[in-house]
Structures are given as C-alpha cells and as structure tokens.
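Peer 1: Contents of final06.txt (compact mmCIF, C-alpha atoms and all ligand atoms):
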# COMPACT_ATOMS: atom_id res chain seq x y z
CA MET A 66 0.00 0.00 0.00
CA SER A 67 1.44 3.39 -0.89
CA PRO A 68 1.76 5.85 2.01
CA SER A 69 -0.88 8.62 2.13
CA LYS A 70 0.32 11.92 0.66
CA PRO A 71 0.61 15.06 2.83
CA ARG A 72 -1.51 18.22 2.19
CA SER A 73 0.35 19.40 -0.89
CA CYS A 74 3.61 17.74 -1.61
CA HIS A 75 6.89 19.58 -1.17
CA VAL A 76 9.27 18.52 -3.91
CA PRO A 77 12.63 17.75 -2.28
CA VAL A 78 15.41 19.86 -3.74
CA LEU A 79 18.70 18.36 -5.03
CA LEU A 80 17.44 14.92 -4.02
CA GLU A 81 19.98 12.72 -5.83
CA GLU A 82 22.82 15.10 -4.98
CA THR A 83 21.81 15.00 -1.31
CA MET A 84 21.74 11.19 -1.20
CA GLU A 85 25.17 11.08 -2.81
CA ALA A 86 26.52 13.75 -0.45
CA LEU A 87 25.20 11.85 2.57
CA ALA A 88 26.63 8.61 1.12
CA VAL A 89 23.52 6.82 2.39
CA GLN A 90 24.24 3.16 3.11
CA PRO A 91 22.14 0.23 4.31
CA GLY A 92 22.04 0.08 8.10
CA GLY A 93 23.14 3.73 8.45
CA ARG A 94 21.77 6.21 11.00
CA TYR A 95 20.82 9.66 9.82
CA VAL A 96 19.39 12.86 11.27
CA ASP A 97 17.19 15.07 9.10
CA CYS A 98 17.13 18.34 11.05
CA THR A 99 14.44 19.86 8.79
CA VAL A 100 12.23 16.91 7.94
CA GLY A 101 9.44 19.10 6.46
CA GLY A 102 7.17 17.00 4.25
CA GLY A 103 9.55 14.06 4.53
CA GLY A 104 10.81 14.03 0.93
CA HIS A 105 14.53 13.72 1.69
CA ALA A 106 13.72 11.57 4.71
CA LEU A 107 11.81 9.06 2.58
CA ALA A 108 14.72 8.70 0.18
CA ILE A 109 17.16 8.26 3.09
CA LEU A 110 14.96 5.56 4.62
CA GLU A 111 14.56 3.73 1.32
CA ARG A 112 18.29 3.73 0.64
CA SER A 113 19.40 2.91 4.18
CA SER A 114 17.14 -0.13 4.27
CA PRO A 115 17.56 -2.75 5.62
CA GLY A 116 18.45 -1.66 9.10
CA GLY A 117 18.66 2.10 8.53
CA GLN A 118 17.33 4.55 11.11
CA LEU A 119 16.29 8.16 10.81
CA LEU A 120 15.66 10.85 13.39
CA GLY A 121 13.55 13.60 11.80
CA ILE A 122 13.24 16.98 13.47
CA ASP A 123 11.07 19.94 12.55
CA ALA A 124 10.09 23.07 14.47
CA ASP A 125 6.69 23.09 12.77
CA PRO A 126 4.17 20.67 14.29
CA GLU A 127 2.24 20.60 10.97
CA ALA A 128 5.39 19.45 9.18
CA ILE A 129 5.80 16.61 11.65
CA LYS A 130 2.21 15.49 10.90
CA ASP A 131 2.93 15.59 7.14
CA ALA A 132 6.18 13.69 7.55
CA ARG A 133 4.49 11.07 9.73
CA LYS A 134 1.97 10.35 6.93
CA ARG A 135 4.60 10.26 4.21
CA LEU A 136 6.94 8.01 6.16
CA GLU A 137 4.22 5.66 7.41
CA ALA A 138 5.66 2.68 5.55
CA HIS A 139 8.93 3.11 7.48
CA ARG A 140 7.39 3.82 10.87
CA ASN A 141 9.60 1.26 12.62
CA SER A 142 12.78 2.94 11.39
CA VAL A 143 11.89 6.57 11.98
CA LEU A 144 11.59 8.79 15.01
CA LEU A 145 9.95 12.19 14.48
CA VAL A 146 10.49 15.00 16.95
CA ASN A 147 8.79 18.39 16.96
CA ASP A 148 11.59 20.66 18.12
CA ASN A 149 13.92 23.36 16.94
CA PHE A 150 17.24 22.11 15.57
CA VAL A 151 18.92 24.53 17.92
CA ASN A 152 18.36 21.68 20.41
CA LEU A 153 19.89 19.09 18.08
CA GLN A 154 22.45 17.73 20.50
CA ALA A 155 20.03 17.49 23.42
CA THR A 156 17.50 15.72 21.18
CA CYS A 157 20.03 13.15 19.95
CA ILE A 158 21.24 12.52 23.48
CA LYS A 159 17.67 12.21 24.76
CA TYR A 160 16.86 9.53 22.19
CA ASP A 161 20.31 7.94 22.36
CA PHE A 162 20.73 8.66 18.64
CA PHE A 163 24.46 9.19 18.12
CA PRO A 164 26.99 8.86 16.64
CA VAL A 165 25.40 9.05 13.19
CA HIS A 166 26.48 8.50 9.60
CA GLY A 167 24.96 11.69 8.29
CA ILE A 168 23.17 14.88 9.22
CA LEU A 169 21.07 16.90 6.80
CA PHE A 170 19.86 20.49 7.02
CA ASP A 171 17.50 21.57 4.20
CA LEU A 172 16.95 25.12 5.40
CA GLY A 173 14.13 27.58 4.92
CA LEU A 174 10.50 26.93 4.13
CA SER A 175 8.54 24.05 2.66
CA SER A 176 5.95 24.51 -0.08
CA MET A 177 3.25 23.69 2.47
CA GLN A 178 4.33 26.63 4.62
CA LEU A 179 4.68 28.97 1.68
CA ASN A 180 1.44 27.97 -0.01
CA GLY A 181 -0.51 30.10 2.40
CA ASN A 182 -2.21 28.10 5.09
CA GLY A 183 -2.65 31.24 7.15
CA ARG A 184 0.91 31.23 8.46
CA GLY A 185 1.83 34.57 6.93
CA PHE A 186 5.03 33.48 5.13
CA SER A 187 3.87 34.56 1.68
CA PHE A 188 2.76 37.86 0.19
CA GLN A 189 0.78 35.96 -2.47
CA HIS A 190 -2.05 35.21 -0.02
CA ASP A 191 -3.65 37.38 2.62
CA ALA A 192 -3.02 36.11 6.14
CA PRO A 193 -2.12 37.44 9.58
CA LEU A 194 1.53 38.55 9.80
CA ASP A 195 2.77 35.58 11.77
CA MET A 196 5.75 33.72 10.18
CA ARG A 197 6.56 31.53 13.19
CA PHE A 198 7.70 28.00 12.34
CA ASN A 199 6.25 26.93 15.65
CA PRO A 200 3.03 28.63 16.78
CA GLU A 201 4.24 28.35 20.38
CA GLN A 202 7.10 30.78 19.76
CA GLU A 203 6.41 34.13 21.38
CA VAL A 204 7.32 36.75 18.80
CA THR A 205 5.42 37.10 15.51
CA ALA A 206 6.25 39.18 12.45
CA ALA A 207 3.39 41.52 13.44
CA ASP A 208 5.09 42.13 16.81
CA ILE A 209 8.34 43.11 15.09
CA VAL A 210 6.69 45.25 12.42
CA ASN A 211 4.43 47.09 14.85
CA THR A 212 6.74 47.64 17.82
CA SER A 213 10.32 48.01 16.54
CA PRO A 214 11.78 51.51 16.33
CA GLU A 215 12.24 52.73 12.75
CA ALA A 216 16.06 52.49 12.85
CA GLU A 217 15.89 48.92 14.17
CA LEU A 218 13.40 47.93 11.44
CA ALA A 219 15.63 49.44 8.77
CA ARG A 220 18.68 47.59 10.17
CA LEU A 221 16.82 44.31 10.24
CA ILE A 222 15.48 44.65 6.68
CA ARG A 223 18.91 45.69 5.40
CA THR A 224 20.83 42.95 7.25
CA TYR A 225 18.51 39.98 6.89
CA GLY A 226 16.91 40.97 3.58
CA GLU A 227 19.99 42.53 1.97
CA GLU A 228 17.50 45.21 0.87
CA SER A 229 18.94 48.49 -0.33
CA TYR A 230 15.63 50.35 0.17
CA SER A 231 15.50 49.39 3.84
CA ARG A 232 15.25 52.95 5.20
CA GLN A 233 12.42 53.92 2.85
CA ILE A 234 10.54 50.71 3.72
CA ALA A 235 11.01 51.15 7.47
CA ARG A 236 9.87 54.79 7.29
CA LEU A 237 6.66 53.88 5.47
CA ILE A 238 5.96 50.92 7.78
CA VAL A 239 6.22 53.16 10.83
CA ARG A 240 3.93 55.74 9.21
CA GLU A 241 1.28 53.13 8.31
CA ARG A 242 1.27 51.04 11.52
CA PRO A 243 -0.48 49.01 12.79
CA ILE A 244 0.04 46.45 10.03
CA THR A 245 -1.52 43.08 10.64
CA SER A 246 -1.79 41.29 7.31
CA THR A 247 0.65 40.05 4.68
CA LEU A 248 -1.01 41.89 1.78
CA HIS A 249 -1.09 45.14 3.74
CA LEU A 250 2.67 44.87 4.36
CA ALA A 251 3.37 43.85 0.74
CA ARG A 252 1.49 46.94 -0.52
CA ILE A 253 3.48 49.22 1.79
CA VAL A 254 6.78 47.75 0.61
CA GLU A 255 5.73 48.09 -3.03
CA LYS A 256 4.93 51.74 -2.42
CA ALA A 257 8.25 52.35 -0.64
CA VAL A 258 10.38 50.61 -3.27
CA SER A 259 8.32 52.08 -6.11
CA ARG A 260 10.04 50.00 -8.78
CA ARG A 261 10.71 46.34 -9.43
CA THR A 262 14.25 45.10 -9.12
CA GLY A 263 14.64 42.23 -11.60
CA ARG A 264 12.23 39.32 -11.42
CA LEU A 265 11.76 39.53 -7.66
CA HIS A 266 8.58 40.95 -6.16
CA PRO A 267 9.55 44.10 -4.21
CA ALA A 268 8.37 42.54 -0.93
CA THR A 269 10.51 39.37 -1.27
CA LYS A 270 13.50 40.66 0.67
CA THR A 271 11.44 42.30 3.44
CA PHE A 272 9.48 39.08 3.98
CA GLN A 273 12.72 37.09 4.07
CA ALA A 274 14.17 39.52 6.63
CA LEU A 275 11.15 39.26 8.92
CA ARG A 276 11.04 35.47 8.73
CA ILE A 277 14.72 35.25 9.62
CA ALA A 278 14.24 37.63 12.55
CA VAL A 279 11.09 35.92 13.88
CA ASN A 280 12.70 32.47 13.84
CA LEU A 281 16.26 33.52 14.79
CA GLU A 282 17.28 31.53 11.75
CA LEU A 283 20.90 32.59 11.45
CA GLU A 284 21.68 32.34 15.16
CA ASN A 285 20.09 28.89 15.37
CA LEU A 286 21.96 27.65 12.31
CA GLU A 287 25.33 28.66 13.76
CA ILE A 288 24.56 26.90 17.03
CA ALA A 289 23.21 23.75 15.36
CA LEU A 290 26.20 23.34 13.01
CA LYS A 291 28.54 23.27 16.00
CA GLN A 292 26.37 20.63 17.64
CA ALA A 293 26.12 18.56 14.47
CA ILE A 294 29.86 18.02 14.25
CA GLU A 295 29.82 16.50 17.76
CA LEU A 296 27.22 13.94 16.73
CA LEU A 297 28.91 12.54 13.64
CA GLY A 298 30.84 9.30 13.76
CA PHE A 299 34.18 9.15 11.95
CA GLY A 300 33.68 9.75 8.26
CA GLY A 301 30.11 10.92 8.96
CA ARG A 302 28.68 13.45 6.51
CA LEU A 303 27.33 16.93 7.17
CA VAL A 304 25.12 18.17 4.34
CA VAL A 305 23.48 21.60 4.23
CA ILE A 306 21.17 23.01 1.58
CA SER A 307 20.70 26.76 1.89
CA TYR A 308 18.54 29.17 -0.05
CA HIS A 309 20.05 32.61 0.45
CA SER A 310 23.51 34.08 0.72
CA LEU A 311 23.32 34.79 4.48
CA GLU A 312 22.74 31.13 5.29
CA ASP A 313 25.25 29.93 2.73
CA ARG A 314 27.93 32.27 4.10
CA ILE A 315 27.48 30.81 7.59
CA VAL A 316 27.71 27.24 6.29
CA LYS A 317 30.70 27.98 4.07
CA ARG A 318 32.64 29.75 6.84
CA PHE A 319 31.82 27.03 9.36
CA MET A 320 32.94 24.22 7.09
CA GLN A 321 36.06 26.05 5.96
CA ARG A 322 37.06 26.89 9.54
CA GLU A 323 36.54 23.33 10.72
CA ALA A 324 38.55 22.05 7.76
CA ARG A 325 41.52 24.21 8.71
CA GLY A 326 44.27 23.66 11.25
CA CYS A 327 45.49 26.83 12.90
CA VAL A 328 42.92 29.65 12.93
CA CYS A 329 45.12 32.26 14.64
CA PRO A 330 44.81 35.78 13.17
CA PRO A 331 47.12 36.30 10.16
CA GLY A 332 50.58 37.38 11.24
CA THR A 333 50.53 35.52 14.59
CA PRO A 334 54.15 34.29 14.83
CA VAL A 335 53.42 31.03 16.68
CA CYS A 336 50.11 29.21 16.75
CA VAL A 337 48.30 29.80 20.01
CA CYS A 338 44.85 28.49 19.05
CA GLY A 339 45.69 24.80 18.90
CA HIS A 340 42.83 24.36 16.45
CA LYS A 341 42.83 21.04 14.62
CA PRO A 342 40.91 20.25 11.43
CA ARG A 343 37.84 18.16 12.11
CA LEU A 344 36.08 18.28 8.74
CA LYS A 345 37.19 17.46 5.24
CA LEU A 346 35.39 19.31 2.48
CA ILE A 347 34.06 16.72 0.03
CA ARG A 348 33.56 19.37 -2.64
CA ARG A 349 35.26 22.74 -2.47
CA HIS A 350 32.45 24.37 -4.43
CA VAL A 351 28.72 24.42 -3.91
CA ILE A 352 26.42 22.01 -5.68
CA THR A 353 23.48 23.66 -7.43
CA PRO A 354 20.40 22.29 -9.23
CA SER A 355 20.72 21.04 -12.80
CA GLU A 356 18.90 22.72 -15.69
CA ASP A 357 16.37 19.88 -15.61
CA GLU A 358 15.62 20.38 -11.92
CA LEU A 359 15.33 24.15 -12.36
CA ARG A 360 12.77 23.59 -15.12
CA ALA A 361 10.80 21.03 -13.13
CA ASN A 362 10.96 22.86 -9.81
CA PRO A 363 11.63 26.61 -10.12
CA ARG A 364 11.66 26.87 -6.30
CA SER A 365 15.01 25.11 -6.35
CA ARG A 366 16.63 28.05 -8.14
CA SER A 367 18.50 29.51 -5.17
CA ALA A 368 19.51 26.17 -3.59
CA LYS A 369 23.15 25.59 -2.70
CA LEU A 370 24.39 22.33 -1.25
CA ARG A 371 27.59 22.03 0.77
CA VAL A 372 29.02 18.80 2.12
CA ALA A 373 31.84 17.84 4.43
CA ARG A 374 32.78 14.76 6.39
CA LEU A 375 34.26 14.27 9.81
CA ILE A 376 37.87 13.29 9.48
CA ALA A 377 39.70 10.71 11.48
CA GLN A 378 43.17 12.03 10.82
CA ASP A 379 44.06 13.28 14.31
CA ASP A 380 42.63 10.22 15.88
CA CYS A 381 45.67 9.23 17.90
CA LEU A 382 45.10 9.86 21.53
CA ALA A 383 48.23 11.11 23.22
CA ALA A 384 48.98 9.73 26.68
CA ASP A 385 47.82 12.92 28.41
CA GLU A 386 44.58 12.88 26.43
CA MET A 387 44.08 9.30 27.54
CA GLU A 388 44.37 10.40 31.15
CA ILE A 389 41.81 13.16 30.63
CA LEU A 390 39.55 10.64 28.93
CA TRP A 391 39.86 8.24 31.82
CA ALA A 392 39.13 11.05 34.32
CA GLU A 393 36.01 11.99 32.36
CA ILE A 394 34.84 8.40 32.27
CA LYS A 395 35.23 8.21 36.03
CA THR A 396 33.17 11.38 36.47
CA ARG A 397 30.36 9.82 34.40
CA ALA A 398 30.61 12.50 31.71
CA TRP A 399 31.09 9.68 29.21
CA ARG A 400 27.78 10.12 27.44
CA ARG A 401 29.04 13.29 25.80
CA PRO A 402 29.13 12.53 22.06
CA ALA A 403 32.67 13.79 21.51
CA LEU A 404 33.92 11.55 24.24
CA LEU A 405 31.92 8.63 22.98
CA ARG A 406 33.58 9.06 19.60
CA LYS A 407 37.00 8.95 21.22
CA LEU A 408 36.04 5.80 23.03
CA GLN A 409 34.86 4.19 19.82
CA MET A 410 38.14 5.10 18.26
CA VAL A 411 40.15 3.65 21.13
CA PHE A 412 38.27 0.37 20.74
CA ALA A 413 38.70 0.47 16.98
CA MET A 414 42.45 0.90 17.43
CA ALA A 415 42.75 -1.76 20.10
C1 LIG A 501 12.79 23.27 2.93
S1 LIG A 501 11.81 22.56 4.19
C2 LIG A 501 12.41 20.90 4.29
C3 LIG A 501 11.79 20.02 3.29
C4 LIG A 501 12.21 18.56 3.41
N1 LIG A 501 13.62 18.38 3.21
C5 LIG A 501 11.44 17.69 2.44
O1 LIG A 501 12.06 17.07 1.57
O2 LIG A 501 10.21 17.62 2.54
C6 LIG A 501 12.47 23.25 5.63
C7 LIG A 501 11.83 22.79 6.92
O3 LIG A 501 12.70 23.17 7.97
C8 LIG A 501 11.95 23.54 9.08
N2 LIG A 501 12.82 24.39 9.90
C9 LIG A 501 13.35 25.58 9.57
N3 LIG A 501 14.11 26.04 10.58
C10 LIG A 501 14.07 25.10 11.55
C11 LIG A 501 14.66 24.99 12.84
N4 LIG A 501 15.46 25.95 13.32
N5 LIG A 501 14.44 23.88 13.56
C12 LIG A 501 13.66 22.88 13.06
N6 LIG A 501 13.03 22.95 11.87
C13 LIG A 501 13.26 24.04 11.12
C14 LIG A 501 10.75 24.24 8.51
O4 LIG A 501 9.67 24.20 9.41
C15 LIG A 501 10.49 23.42 7.25
O5 LIG A 501 9.53 22.42 7.48
Using structure tokens, write down the structure from this file.

Peer 2:
Amino acid sequence: MSPSKPRSCHVPVLLEETMEALAVQPGGRYVDCTVGGGGHALAILERSSPGGQLLGIDADPEAIKDARKRLEAHRNSVLLVNDNFVNLQATCIKYDFFPVHGILFDLGLSSMQLNGNGRGFSFQHDAPLDMRFNPEQEVTAADIVNTSPEAELARLIRTYGEESYSRQIARLIVRERPITSTLHLARIVEKAVSRRTGRLHPATKTFQALRIAVNLELENLEIALKQAIELLGFGGRLVVISYHSLEDRIVKRFMQREARGCVCPPGTPVCVCGHKPRLKLIRRHVITPSEDELRANPRSRSAKLRVARLIAQDDCLAADEMEILWAEIKTRAWRRPALLRKLQMVFAMA
C-alpha cells in the first residue's frame, strides 16, 4: 500500500545530490534536522534499508504530521520530533541517537508553509503577519513590524533581507502602523520601493528579513552546526542546503574553519589556538540544481548544497589525552558525544 500523501507535496530539492553527499548506506543512521514534508527523509529511509534509522526533526508541528503520513511505511525505522534544531544535541542525546552516519539540514520553508495556510510566510495570499515555524514561539512578524523603532526595522530589513531600500521601507511601515496582514505589508513595501528590481517581487526581501528575525534563523543555524559536528561518527557526513547568501555564508565559513588547522589571526608568529581540522570538504564548491531540476521545480533556483565529512586524521590519543579521557569516564561524563567518539576510536584501534 502506498503511504498517504501530505496536504500538498513539497518537492525535495537536489534529491539525488543530497543522497550522494550523505553517502547513504544500508544500516546507516541519519538525522534530518528539517524533515518538512519528509521528501529527503523518505529517500534516506529507502536507501538505508535494511536496518537504517532516521531521526527527523522539525520546528513546525504541521510538518511533523505531514512527515508522519509520508513516512508511514517506514514507521519502525523513523523517530519524528517536533523541536527546533537549535536543540539538536540534546534531542540526539535524549533519544540515544548518536553517533550518526549523516546529518542533513535543508533550510528555509517548505511549499506547504509557503502555499498560504494562514501562516503569513507569503505575500501571495492574505493572512495574519505571523511567520513563526512553531506557533508556540512568542514573537510574531506583526510584533516586530508594529513595535520596533524605525532604525531597528531598517537595520533588520537591510541585514537579513539585503534590501537596499530598507530605510524607505522602514519609514513607510512606521507611518502606516499598525500592520496586521501580509497583503497590507506587501502593498506598503511596493509603495516604498516604487520599482521592481529584476524578477523579484519588491516585498521578497522584506518578507525574508522578517522570517529570519522571527525564527532567529541565522543564530540557530550557527549553534546547530557546532552541535552537528559532535554527533557525527568518523567519516560521517554533514550536508546543508541553503537558499540565500546569508545562510550559505554561515555554512561555508563554518565548514572552511573546521577544515583548517590553525585559525590564529594572520601574522601571529606562533600558533596559540591549537585548532585542529575536524572536517574534510568533500567538494570545495557548492552544488546547485541542474537545468532539468530548475525547469521542473523553479523553487530550487536559489539552492546551494555544501558537504563535508568528519575526518579521522588526528585520531591518535596522546597519553595525556588518555588520562583526561579516563578522568572523564570516572566522572560519568562519558555520554558526551565527543567523548563517545574517542572511546569508539580507542576500541577500533585496540
Ligand atoms: C525546505 S523545508 C524541508 C523540506 C524537506 N527536506 C522535504 O524534503 O520535505 C524546511 C523545513 O525546515 C523547518 N525548519 C526551519 N528552521 C528550523 C529549525 N530551526 N528547527 C527545526 N526545523 C526548522 C521548517 O519548518 C520546514 O519544514
């Protein structure tokens, strides 16, 4: 029996490229930090069968419902958790789901969220200005739009939307407040910008900025990437698909930094940071959708995939590290993923 389809299907972006980047293998364990409608998750489960396991996380409770329907056929191999990926490490520890073979972040919004189910993400449909991934979050887009000082609004729209008309938009918003609906805000932005820039609707960047601010998207991504690296087993893959330059910059810098040795400021005569590379970049450049995918799914147009794997190169524990390890074991801190990895390695070497 085929699994029942969710509300309106989200087409997973860069699907084949993602499976290849994750190097999905039978019996593998994977975390999908943005399970959404379950498109990538389904492919991971199919290709990691038999014996594969998937932990799927999403901040949006509706997404978890959709994913549960779509992944019904694999219900014994999947665990779905409604949480923010900022709590990735705590979630994996809670469910004893580490170390893993691969971790996927497919950032941003699903088609279900964008297609206007009253969540306020889109300026194509009228809805309350909400934009929260999780309706239990406190701050909505309406709160930000209607209470922020003009200078703060302009800063936010410029920084998170990379919008050059940010001051004009903020000025008009403040003049027209209160603003409670998506179409009302879109009209104000159109008036402030007064001309179209390329193919984008004038409100695109302002809506992106508000969504990022409401959901603390950039802050949460930075935190979650650091946690992800602690959860990977040796050779485990970290795969991130981003949809705008702010996200991609964070991912690129994170991966590049973790792939480097010394990260002391240039000109430092002797290394004082002691930083060791932990990731190996699988591809130096981003992977983007093919012409065929762009034609079939125009929403994939801004997608950029980056992939790295945890290296095992500095896996020799020096004697002093061994002592620290032993002390930590004795203090029962041994469930920490990084430590668990070291233990696995010690056993592998023995
Ligand atoms: C592009 S969709 C993922 C689609 C999914 N890969 C698929 O194939 O169906 C992004 C999802 O990430 C979720 N999301 C965004 N930020 C999140 C966060 N910080 N924590 C958890 N989920 C998040 C959104 O709610 C949305 O469902």

Peer 1: Return the padded bounding box of ligand LIG 501 (chain A) as AutoDock Vina command-line options: axis-aligned, built from all atoms listed in the file, 8 Å added on each side, with centre and edge lengths in Å to one decimal.

Peer 2:
--center_x 12.5 --center_y 21.6 --center_z 7.6 --size_x 21.9 --size_y 25.0 --size_z 28.0

Peer 1: Which of these residues is nearest to ligand LIG 501 (chain A), using only C-alpha atoms and all ligand atoms: A:Glu85, A:Glu312, A:Asp161, A:Glu255?

Peer 2: A:Glu312

Peer 1: Write out as a PyMOL selection string each polymer residue (protein, DNA or RNA) that has an atom no more than 7 Å from ligand LIG 501 (chain A), with only C-alpha atoms and all ligand atoms counted.

Peer 2: chain A and resi 75-78+98-106+122-125+128+148-151+171-175+198+282+285-286

Peer 1: Find the residues near range 236-243 of chain A: any atom within 9 Å, counting all atoms listed in the file, skip ones fewer than 4 places away on the same chain, and give them as a VMD selection string.

Peer 2: chain A and resid 207 210 to 216 218 to 219 231 to 232 250 253 to 254 256 to 257

Peer 1: Using all atoms listed in the file, can you tell me which of A:Glu127, A:Lys134, A:Ile209, A:Asn199 comes closest to Met177 in chain A?

Peer 2: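 Smallest distance to Met177 in chain A is found for A:Glu127.
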
Peer 1: Hey, can you pull every residue with an atom no more than 6 Å from (8.4, 24.4, -5.5), using all atoms listed in the file, and send it as a list in words?

Peer 2: Ser176, Asn362 and Arg364 of chain A

Peer 1: Can you work out which one of A:Leu265, A:Leu110, A:Leu80, A:Val372 has the shortest atom-to-atom distance to Gly301 in chain A, counting all atoms listed in the file?

Peer 2: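 Closest to Gly301 in chain A of all the choices is A:Val372.
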
Peer 1: Using all atoms listed in the file, can you tell me which of A:His350, A:Thr224, A:Ala206, A:Glu111 comes closest to Ala138 in chain A?

Peer 2: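 Of A:His350, A:Thr224, A:Ala206, A:Glu111, the one nearest Ala138 in chain A is A:Glu111, counting all atoms listed in the file.
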
Peer 1: Which neighbours of Ile168 in chain A fall inside 7 Å, counting only C-alpha atoms, when residues of the same chain fewer than 5 positions from it are skipped, and could you give them as a ChimeraX atom specification?

Peer 2: /A:95-97,302-304

Peer 1: At a cut-off of 7 Å, using only C-alpha atoms, what residues contact Thr205 in chain A? Leave out same-chain residues fewer than 4 positions from it and give the result as a list in words.

Peer 2: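 Here the qualifying residues turn out to be Asp195, Met196, Arg197, Ile209 and Val279 of chain A.
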
Peer 1: With all atoms listed in the file as the basis for distance, which of A:His309, A:Val165, A:Pro363, A:Cys157 is at the shortest distance from Glu227 in chain A?

Peer 2: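 When distances to Glu227 in chain A are compared using all atoms listed in the file, the smallest one comes from A:His309.
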
Peer 1: To one decimal place, how far is CA of Phe163 in chain A from CA of Leu296 in chain A in Å?

Peer 2: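 If I compute the distance from CA of Phe163 in chain A to CA of Leu296 in chain A, I get 5.7 Å.
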
Peer 1: Can you tell me how far CA of Arg374 in chain A sits from CA of Leu344 in chain A, in Å to one decimal?

Peer 2: 5.4 Å

Peer 1: Between A:Val316, A:Leu359, A:Leu107, A:Ala192, single out the one closest to Ala289 in chain A, counting all atoms listed in the file.

Peer 2: A:Val316

Peer 1: In Å, rounded to a single decimal, give me how far CA of Ala373 in chain A is from CA of Glu356 in chain A.

Peer 2: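 Computed distance, CA of Glu356 in chain A to CA of Ala373 in chain A, equals 24.4 Å.
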
Peer 1: Fewer than 5 positions away in the same chain doesn't count, so skip those; otherwise give me all residues within 12 Å of range 328-332 of chain A, counting only C-alpha atoms, as a list in words.

Peer 2: Arg318, Phe319, Gln321, Arg322, Glu323, Val337, Cys338, Gly339, His340, Lys341 and Pro342 of chain A
